[in-house]
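Report on one structure; see the data block that follows.
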Amino acid sequence: MSNQKQPNNTPKKPGDPNKKPRINFNLYWLYGAAIVAFIAINFLDVFETTMPKATTNNLYGWMEKGFVEKINFFEGSPPQVEVFLKKDSIQAHKSEEEFKELFENPDPEFVEKGPHFLIPNVNKNIFDDEIVKLREQHAFAKEVEIRQIARNDFFQQMLSWLIPIGLMILFWVFIMRRMGGGAGGGQIFNIGKSKAKLFDKDTNVLVNFDSVAGLDEAKVELMEIVDFLRNPKKYTTLGAKIPKGALLIGPPGTGKTLLAKAVAGEAKVPFFSLSGSDFVEMFVGVGASRVRDLFKQAKEKAPVIVFIDEIDAIGRARGRSMAQGANDERENTLNQLLTEMDGFESNTGIIILAATNRADVLDKALLRPGRFDRQIAVDLPDLNGRKEIFKVHMRDKKLDASIDVDLLARQTPGFSGADIANICNEAALIAARRNKTTITREDFNDAIDRVIGGLEKKNKVISLREKEAIAYHEAGHATVSWMLEYASPLVKVTIIPRGQSLGAAWYLPEERQITTTDQLLDEMAAALGGRAAEEVVFGKISTGALSDLEKVTKQAYAMVSMYGLNKRIGNISFYDSTGQSEYSFGKPYSEKTAEVIDEEVKLMVEEAYQRAIELLKNHRDKLDSLAKRLLEREVLYREDLVEIFGERVFKEHIPIFPKQAEKEEVSAEETPIEHGEAPTEAHEKPAGPSDDAPLSNGE
């Protein structure tokens with residue numbers, strides 16, 4: 001039998017200690033080596049000879065004794081002297097200390113041939129004077145042969161010239177690499193190359209249309225483009241042409257980039273991905289050059305999809321700049337993009353996908369058919385869309401049986417897909433922080449609170465009088481919203497500071513697409529219920545209603561000047577949806593009309609405020625009961641309002657939430673939470689001698 005060892009074919013794991021580490025070569029190592037060599041040559045004298053050293057005093061003594069045979073004087077910088085001793089003198093005095101070093105040289109012919117000693121850094125004038133004196137005074141010195149040699153160290157002179165020049169070249173290359181941003185290999189000569197990242201058959205994109213939820217209409221249009229690339233004959237036999245471009249428009253976080261990733265994963269064709277800012281560079285003409293190079297690469301790989309994220313970085317409307325010529329470079333880039341997309345030469349087989357949340361600022365020439373044939377709206381998800389998004393982000397999470405996806409979807413109106421993903425992640429983090437094995441409904445409720453209002457600040461110092469004012473403020477919001485038909489029903493109210501607010505109330509608004517005047521007026525009265533409660537109970541108001549006043553003021557101005565919901569102004573809207581008035585210095589109405597708008601807004605807000613005061617006066621006993629209970633428990637839920645006010649007589653479509661078992665706890669355990677039209681906003685602290693607390697309403 002053979003004792004030959006069998007080879008080990010077991011693949012080594014990434015953490016295998018026997019696996020040799022891979023060393024990646026870096027060009028900066030050469031830069032460092034050149035700098036070290038320069039320092040060594042000029043300062044460390046690493047190229048100096050190993051010949052024994054002596055001094056001029058040694059030389060003068062040897063000349064007096066007749067030991068020296070000849071001297072080589074090298075002129076240069078610095079001057080040096082080589083000393084040749086007589087062989088018989090060396091042998092006769094080899095035991096002396098000053099000659100022992102000669103016999104330690106490994107070269108056997110060193111003693112026979114010489115030179116034997118080197119005297120560096122010799123002062124020529126002093127040396128000449130001393131030699132003349134020695135020759136005059138000593139006979140042995142006259143016998144010494146002295147030769148003067150003009151030395152030219154070409155190697156050192158060459159290095160003294162080449163190393164500084166080389167360092168300058170290396171520094172220039174380094175600067176150009178940094179300025180090039182890595183484009184086309186990072187060289188200055190490739191700075192005009194496209195920076196698009198290519199995804200092809202060798203690059204696995206794991207995202208597909210199954211990973212995208214709540215965007216069914218957008219997926220239908222994009223799947224048609226994907227199907228065209230897969231089965232072109234199905235469409236070309238009927239004379240159809242593939243769309244040249246599709247523009248994804250929608251608010252941030254709604255899934256525009258995610259849709260593009262899904263297209264890359266489904267299309268099975270080369271996919272170029274880049275951002276609009278990748279075309280922007282400090283050099284003139286680079287943007288247009290990169291556009292040309294991008295389409296050149298795309299033509300070579302057609303059929304192909306090119307995705308440009310945040311296209312508004314280069315697609316802004318031309319001629320809007322206040323300074324003439326300030327945006328010439330960006331406009332040149334846009335002109336080149338327009339030409340490549342649909343110019344004199346047609347680019348067949350290239351489909352452009354782009355995404356932006358600022359479609360109002362894009363150039364009209366970019367939006368026309370032939371360039372972007374389709375504009376796909378990617379809006380905030382509705383109730384059903386939010387359900388599907390929650391299900392997608394809950395796939396890989398360990399959930400408790402108490403999780404109700406329908407309830408979570410109702411609790412998050414106005415949330416984007418990114419917001420929902422954040423809530424799911426926050427719920428998992430909260431559950432892990434509490435050492436749970438599954439994520440419960442309580443964790444999701446706390447996660448929604450965290451996203452909307454921020455972290456709880458239970459240790460914030462608040463006086464008893466301020467706490468009472470905060471309780472009445474939040475109770476005023478809850479009372480008015482409960483008594484008005486079109487106000488959103490309250491789900492939770494708290495006086496625990498959270499984020500920048502000292503108190504907050506969560507509502508569960510109904511899912512609606514249009515809003516009537518009565519609904520807007522009721523919402524304004526509910527928003528002013530906190531300040532109205534301060535005036536009814538304490539007879540004075542504080543600075544705590546800042547966010548309430550801001551919301552009401554904006555809403556009133558929108559009703560009067562935008563939506564045409566004011567009888568005196570009439571059916572007129574001064575809103576410009578195209579964004580053309582962004583650079584205008586004047587208002588679209590006269591000064592007289594502006595005065596009328598201000599008067600109507602003030603009147604509308606005052607009427608809503610008086611409605612709130614009247615409601616609170618009529619239900620003062622219930623307001624007091626709610627505020628006292630809020631002071632005791634700090635957190636109240638819908639069931640507490642039903643106990644105090646009774647069921648709402650208005651028709652509402654909200655689920656009945658189970659009452660909290662332990663309401664004394666401040667945390668929102670097993671509690672549905674909802675936010676209203678806008679997230680909780682910050683409030684100012686009171687100024688001056690007033691002792692009233694700053695208040696807040698998290699509507």
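Residue names in the structure tokens use chain letters A, B, ... in the order shown, residue numbers from 1 in each chain, and ligand numbers from 1 in the order shown.
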Would you list the contacts of A:Pro497 as a PyMOL selection string, taking every protein, DNA or RNA residue within 6 Å and counting only C-alpha atoms, but skipping same-chain residues closer than 3 positions in sequence? chain A and resi 456-457+501-503
For A:Phe574, please output as number ranges by chain all residues within 10 Å (counting only C-alpha atoms; exclusion window: fewer than 3 positions along the same chain). A: 558, 560-564, 577, 587-589
Output of the above residues as a tab-separated table (two decimals), in the first residue's frame, restricted to C-alpha atoms:
chain	number	residue	atom	x	y	z
A	558	ALA	CA	-55.69	77.13	1.63
A	560	VAL	CA	-59.69	80.84	0.88
A	561	SER	CA	-56.96	81.23	-1.74
A	562	MET	CA	-56.53	77.71	-3.14
A	563	TYR	CA	-59.69	75.63	-2.90
A	564	GLY	CA	-62.27	78.38	-3.50
A	577	SER	CA	-49.56	73.58	-9.68
A	587	LYS	CA	-48.44	87.78	-6.02
A	588	PRO	CA	-51.10	86.62	-8.50
A	589	TYR	CA	-53.65	89.01	-6.93
Within 12 Å of A:Asp128 using only C-alpha atoms, minus same-chain residues under 3 positions, as number ranges by chain: A: 56, 60, 73, 81, 122-125, 131-135, 146, 148
Dump as an mmCIF file, in the first residue's frame, selection limited to N, CA and C atoms:
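For reference, selection.cif as written:
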data_model
loop_
_atom_site.group_PDB
_atom_site.id
_atom_site.type_symbol
_atom_site.label_atom_id
_atom_site.label_comp_id
_atom_site.auth_asym_id
_atom_site.auth_seq_id
_atom_site.Cartn_x
_atom_site.Cartn_y
_atom_site.Cartn_z
ATOM 1 N N THR A 56 41.286 63.667 9.342
ATOM 2 C CA THR A 56 42.475 64.343 8.800
ATOM 3 C C THR A 56 43.630 64.308 9.796
ATOM 4 N N TYR A 60 47.410 63.095 8.961
ATOM 5 C CA TYR A 60 48.626 63.879 9.195
ATOM 6 C C TYR A 60 49.645 63.078 10.022
ATOM 7 N N PHE A 73 42.367 62.835 -3.744
ATOM 8 C CA PHE A 73 41.482 63.907 -3.275
ATOM 9 C C PHE A 73 40.365 64.088 -4.310
ATOM 10 N N VAL A 81 38.525 62.241 0.745
ATOM 11 C CA VAL A 81 39.920 61.820 0.573
ATOM 12 C C VAL A 81 40.001 60.317 0.793
ATOM 13 N N VAL A 122 35.832 66.842 3.759
ATOM 14 C CA VAL A 122 37.126 67.503 3.977
ATOM 15 C C VAL A 122 37.040 68.950 3.525
ATOM 16 N N ASN A 123 37.573 69.850 4.352
ATOM 17 C CA ASN A 123 37.662 71.259 3.980
ATOM 18 C C ASN A 123 38.907 71.438 3.111
ATOM 19 N N LYS A 124 38.701 71.759 1.834
ATOM 20 C CA LYS A 124 39.803 71.778 0.872
ATOM 21 C C LYS A 124 40.878 72.798 1.240
ATOM 22 N N ASN A 125 40.508 73.974 1.649
ATOM 23 C CA ASN A 125 41.497 75.018 1.955
ATOM 24 C C ASN A 125 42.381 74.619 3.130
ATOM 25 N N ILE A 131 48.817 70.039 4.200
ATOM 26 C CA ILE A 131 49.706 69.197 3.383
ATOM 27 C C ILE A 131 50.991 69.953 3.040
ATOM 28 N N VAL A 132 50.882 71.238 2.723
ATOM 29 C CA VAL A 132 52.066 72.044 2.404
ATOM 30 C C VAL A 132 53.005 72.111 3.612
ATOM 31 N N LYS A 133 52.445 72.305 4.793
ATOM 32 C CA LYS A 133 53.271 72.372 5.996
ATOM 33 C C LYS A 133 53.969 71.041 6.261
ATOM 34 N N LEU A 134 53.221 69.942 6.100
ATOM 35 C CA LEU A 134 53.819 68.624 6.349
ATOM 36 C C LEU A 134 54.961 68.349 5.377
ATOM 37 N N ARG A 135 54.812 68.722 4.145
ATOM 38 C CA ARG A 135 55.868 68.480 3.164
ATOM 39 C C ARG A 135 57.109 69.319 3.456
ATOM 40 N N ILE A 146 50.002 62.639 -4.293
ATOM 41 C CA ILE A 146 48.672 63.255 -4.097
ATOM 42 C C ILE A 146 48.054 63.523 -5.468
ATOM 43 N N GLN A 148 44.506 64.827 -7.430
ATOM 44 C CA GLN A 148 43.198 65.485 -7.327
ATOM 45 C C GLN A 148 42.313 64.993 -8.463
#
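Omitting stretch 366-375 of chain A and its sequence neighbours fewer than 2 positions away, and counting only C-alpha atoms, the residues within 6 Å are Pro243, Lys244, Gly245, Ala246, Leu247, Met341, Asp342, Asp363 and Lys364 of chain A.
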What's the 9 Å shell around stretch 643-647 of chain A, counting only C-alpha atoms, without same-chain residues fewer than 6 positions away, as a PyMOL selection string? chain A and resi 479+482-483+622+625-626
Mind writing the picked residues with N, CA, C and O atoms as a short mmCIF file (atom, residue, chain, number, x, y, z; two decimals), in the first residue's frame?
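Printed below is result32.cif as written:
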data_model
loop_
_atom_site.label_atom_id
_atom_site.label_comp_id
_atom_site.auth_asym_id
_atom_site.auth_seq_id
_atom_site.Cartn_x
_atom_site.Cartn_y
_atom_site.Cartn_z
N THR A 479 -62.26 66.66 23.74
CA THR A 479 -63.68 66.96 23.92
C THR A 479 -64.28 67.52 22.64
O THR A 479 -65.35 67.08 22.18
N TRP A 482 -64.55 64.97 19.87
CA TRP A 482 -65.58 63.96 20.14
C TRP A 482 -66.99 64.49 19.88
O TRP A 482 -67.88 63.73 19.49
N MET A 483 -67.17 65.80 20.06
CA MET A 483 -68.51 66.38 19.92
C MET A 483 -68.84 66.85 18.51
O MET A 483 -70.00 67.14 18.22
N LYS A 622 -67.81 67.55 31.86
CA LYS A 622 -67.13 66.42 31.23
C LYS A 622 -65.67 66.76 30.92
O LYS A 622 -64.79 65.89 30.99
N SER A 625 -63.81 66.29 34.15
CA SER A 625 -63.63 64.87 34.47
C SER A 625 -62.52 64.25 33.62
O SER A 625 -61.70 63.47 34.12
N LEU A 626 -62.50 64.59 32.33
CA LEU A 626 -61.48 64.04 31.44
C LEU A 626 -60.09 64.53 31.83
O LEU A 626 -59.12 63.77 31.84
#
Going by DSSP on the backbone, which residues of stretch 416-634 of chain A come out as helix (DSSP H, G or I)? List them as a count of residues only. 136
I'd like to know which of A:Lys567, A:Lys261, A:Lys436, A:Arg441 is closest to A:Ile423, using only C-alpha atoms. A:Arg441
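The coordinates place atom CA of A:Ala150 at 21.6 Å from atom CA of A:Val68.
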Backbone-only DSSP, strand (DSSP E or B) members of stretch 252-396 of chain A, as an mmCIF file with N, CA, C and O atoms, in the first residue's frame:
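Output saved as result-v6.cif:
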data_model
loop_
_atom_site.group_PDB
_atom_site.id
_atom_site.type_symbol
_atom_site.label_atom_id
_atom_site.label_comp_id
_atom_site.auth_asym_id
_atom_site.auth_seq_id
_atom_site.Cartn_x
_atom_site.Cartn_y
_atom_site.Cartn_z
ATOM 1 N N PHE A 271 -28.965 46.156 -17.577
ATOM 2 C CA PHE A 271 -29.637 47.240 -16.849
ATOM 3 C C PHE A 271 -28.567 48.185 -16.315
ATOM 4 O O PHE A 271 -27.719 47.786 -15.512
ATOM 5 N N PHE A 272 -28.589 49.432 -16.778
ATOM 6 C CA PHE A 272 -27.665 50.458 -16.300
ATOM 7 C C PHE A 272 -28.365 51.288 -15.230
ATOM 8 O O PHE A 272 -29.487 51.743 -15.434
ATOM 9 N N SER A 273 -27.696 51.494 -14.118
ATOM 10 C CA SER A 273 -28.266 52.277 -13.027
ATOM 11 C C SER A 273 -27.290 53.376 -12.628
ATOM 12 O O SER A 273 -26.103 53.121 -12.421
ATOM 13 N N LEU A 274 -27.808 54.601 -12.507
ATOM 14 C CA LEU A 274 -26.995 55.726 -12.054
ATOM 15 C C LEU A 274 -27.917 56.820 -11.551
ATOM 16 O O LEU A 274 -29.137 56.748 -11.715
ATOM 17 N N SER A 275 -27.330 57.838 -10.934
ATOM 18 C CA SER A 275 -28.077 58.960 -10.392
ATOM 19 C C SER A 275 -27.878 60.189 -11.268
ATOM 20 O O SER A 275 -26.891 60.293 -11.996
ATOM 21 N N VAL A 304 -31.653 47.179 -23.840
ATOM 22 C CA VAL A 304 -31.121 47.522 -22.537
ATOM 23 C C VAL A 304 -32.057 48.528 -21.875
ATOM 24 O O VAL A 304 -32.791 49.261 -22.549
ATOM 25 N N ILE A 305 -32.015 48.536 -20.536
ATOM 26 C CA ILE A 305 -32.784 49.504 -19.750
ATOM 27 C C ILE A 305 -31.793 50.389 -19.000
ATOM 28 O O ILE A 305 -30.843 49.898 -18.380
ATOM 29 N N VAL A 306 -32.013 51.696 -19.061
ATOM 30 C CA VAL A 306 -31.177 52.666 -18.359
ATOM 31 C C VAL A 306 -32.039 53.352 -17.309
ATOM 32 O O VAL A 306 -33.081 53.933 -17.644
ATOM 33 N N PHE A 307 -31.629 53.278 -16.054
ATOM 34 C CA PHE A 307 -32.389 53.897 -14.963
ATOM 35 C C PHE A 307 -31.604 55.082 -14.416
ATOM 36 O O PHE A 307 -30.449 54.952 -13.990
ATOM 37 N N ILE A 308 -32.232 56.268 -14.421
ATOM 38 C CA ILE A 308 -31.625 57.496 -13.897
ATOM 39 C C ILE A 308 -32.446 57.928 -12.686
ATOM 40 O O ILE A 308 -33.578 58.394 -12.825
ATOM 41 N N ASP A 309 -31.880 57.761 -11.511
ATOM 42 C CA ASP A 309 -32.570 58.151 -10.282
ATOM 43 C C ASP A 309 -32.349 59.639 -10.017
ATOM 44 O O ASP A 309 -31.293 60.187 -10.331
ATOM 45 N N ARG A 316 -33.879 69.934 -14.721
ATOM 46 C CA ARG A 316 -34.660 71.133 -14.387
ATOM 47 C C ARG A 316 -34.900 71.986 -15.632
ATOM 48 O O ARG A 316 -34.085 72.005 -16.550
ATOM 49 N N ILE A 350 -33.275 50.927 -26.539
ATOM 50 C CA ILE A 350 -32.866 51.546 -25.272
ATOM 51 C C ILE A 350 -34.097 52.135 -24.604
ATOM 52 O O ILE A 350 -34.763 53.002 -25.173
ATOM 53 N N ILE A 351 -34.409 51.653 -23.417
ATOM 54 C CA ILE A 351 -35.553 52.150 -22.652
ATOM 55 C C ILE A 351 -35.009 52.915 -21.448
ATOM 56 O O ILE A 351 -34.158 52.420 -20.716
ATOM 57 N N ILE A 352 -35.511 54.123 -21.262
ATOM 58 C CA ILE A 352 -35.066 54.977 -20.168
ATOM 59 C C ILE A 352 -36.108 54.950 -19.063
ATOM 60 O O ILE A 352 -37.282 55.267 -19.298
ATOM 61 N N LEU A 353 -35.689 54.556 -17.876
ATOM 62 C CA LEU A 353 -36.497 54.692 -16.672
ATOM 63 C C LEU A 353 -35.898 55.809 -15.833
ATOM 64 O O LEU A 353 -34.673 55.910 -15.718
ATOM 65 N N ALA A 354 -36.745 56.648 -15.270
ATOM 66 C CA ALA A 354 -36.258 57.736 -14.425
ATOM 67 C C ALA A 354 -37.215 57.911 -13.263
ATOM 68 O O ALA A 354 -38.392 57.540 -13.345
ATOM 69 N N ALA A 355 -36.702 58.469 -12.179
ATOM 70 C CA ALA A 355 -37.507 58.689 -10.977
ATOM 71 C C ALA A 355 -37.227 60.072 -10.432
ATOM 72 O O ALA A 355 -36.089 60.563 -10.492
ATOM 73 N N THR A 356 -38.274 60.709 -9.908
ATOM 74 C CA THR A 356 -38.125 62.028 -9.298
ATOM 75 C C THR A 356 -39.323 62.294 -8.391
ATOM 76 O O THR A 356 -40.407 61.747 -8.606
ATOM 77 N N LEU A 362 -39.253 69.846 -13.825
ATOM 78 C CA LEU A 362 -38.611 69.259 -14.993
ATOM 79 C C LEU A 362 -38.923 70.049 -16.258
ATOM 80 O O LEU A 362 -39.985 70.680 -16.378
ATOM 81 N N ARG A 374 -44.433 57.596 -20.939
ATOM 82 C CA ARG A 374 -45.328 57.304 -19.832
ATOM 83 C C ARG A 374 -44.837 58.005 -18.567
ATOM 84 O O ARG A 374 -43.646 57.995 -18.275
ATOM 85 N N GLN A 375 -45.772 58.599 -17.876
ATOM 86 C CA GLN A 375 -45.497 59.169 -16.566
ATOM 87 C C GLN A 375 -46.311 58.370 -15.556
ATOM 88 O O GLN A 375 -47.533 58.458 -15.514
ATOM 89 N N ILE A 376 -45.623 57.589 -14.763
ATOM 90 C CA ILE A 376 -46.261 56.653 -13.838
ATOM 91 C C ILE A 376 -46.270 57.282 -12.455
ATOM 92 O O ILE A 376 -45.222 57.565 -11.880
ATOM 93 N N ALA A 377 -47.467 57.503 -11.932
ATOM 94 C CA ALA A 377 -47.614 58.098 -10.605
ATOM 95 C C ALA A 377 -47.440 57.022 -9.537
ATOM 96 O O ALA A 377 -48.146 56.008 -9.538
#
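You will find atom CA of A:Lys617 at 10.6 Å from atom CA of A:Gly476.
Nearest residue to A:Ser402 among A:Ser488, A:Ser277, A:Ser547, A:Thr440 is A:Thr440, counting only C-alpha atoms.
You can rank A:Glu388, A:Glu130, A:Glu136, A:Glu632 by their closest distance to A:Asp216 using only C-alpha atoms, and at the top of that list sits A:Glu388.
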Counting only C-alpha atoms, give me one row per residue of stretch 547-586 of chain A with an atom at most 8 Å from an atom of stretch 598-609 of chain A, showing the shortest contact pair and its distance in Å to one decimal, sorted by chain then residue number, as JSON lines.
{"residue": "A:Val552", "atom": "CA", "partner": "A:Val605", "partner_atom": "CA", "distance": 7.2}
{"residue": "A:Thr553", "atom": "CA", "partner": "A:Val605", "partner_atom": "CA", "distance": 7.4}
{"residue": "A:Ala556", "atom": "CA", "partner": "A:Val601", "partner_atom": "CA", "distance": 5.6}
{"residue": "A:Tyr557", "atom": "CA", "partner": "A:Val601", "partner_atom": "CA", "distance": 6.1}
{"residue": "A:Val560", "atom": "CA", "partner": "A:Val601", "partner_atom": "CA", "distance": 7.0}
{"residue": "A:Asn566", "atom": "CA", "partner": "A:Glu600", "partner_atom": "CA", "distance": 7.8}
{"residue": "A:Arg568", "atom": "CA", "partner": "A:Glu600", "partner_atom": "CA", "distance": 7.8}
Show me, as a PyMOL selection string, the residues that have an atom within 9 Å of A:Asn422 when counting only C-alpha atoms, minus same-chain residues fewer than 5 positions from it. chain A and resi 417+427+447+451
Next, the residues of the selection above should be written as a PDB file, in the first residue's frame with all heavy atoms.
ATOM      1  N   GLY A 417     -44.271  53.639   1.949  1.00  0.00           N
ATOM      2  CA  GLY A 417     -43.700  52.312   2.125  1.00  0.00           C
ATOM      3  C   GLY A 417     -42.457  52.340   2.991  1.00  0.00           C
ATOM      4  O   GLY A 417     -42.222  51.429   3.803  1.00  0.00           O
ATOM      5  N   ALA A 427     -40.427  48.074  15.565  1.00  0.00           N
ATOM      6  CA  ALA A 427     -41.144  47.110  16.411  1.00  0.00           C
ATOM      7  C   ALA A 427     -40.248  45.935  16.765  1.00  0.00           C
ATOM      8  O   ALA A 427     -40.248  45.458  17.916  1.00  0.00           O
ATOM      9  CB  ALA A 427     -42.410  46.635  15.696  1.00  0.00           C
ATOM     10  N   ALA A 447     -43.932  51.365  18.407  1.00  0.00           N
ATOM     11  CA  ALA A 447     -43.127  51.767  17.250  1.00  0.00           C
ATOM     12  C   ALA A 447     -43.800  52.902  16.486  1.00  0.00           C
ATOM     13  O   ALA A 447     -43.131  53.836  16.024  1.00  0.00           O
ATOM     14  CB  ALA A 447     -42.904  50.567  16.331  1.00  0.00           C
ATOM     15  N   VAL A 451     -42.213  56.606  15.876  1.00  0.00           N
ATOM     16  CA  VAL A 451     -42.013  57.216  14.559  1.00  0.00           C
ATOM     17  C   VAL A 451     -42.736  58.554  14.457  1.00  0.00           C
ATOM     18  O   VAL A 451     -42.218  59.523  13.893  1.00  0.00           O
ATOM     19  CB  VAL A 451     -42.477  56.246  13.454  1.00  0.00           C
ATOM     20  CG1 VAL A 451     -42.473  56.940  12.101  1.00  0.00           C
ATOM     21  CG2 VAL A 451     -41.590  55.012  13.420  1.00  0.00           C
TER      22      VAL A 451
END
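Between atom CA of A:Arg620 and atom CA of A:Gln519 the separation is 24.1 Å.
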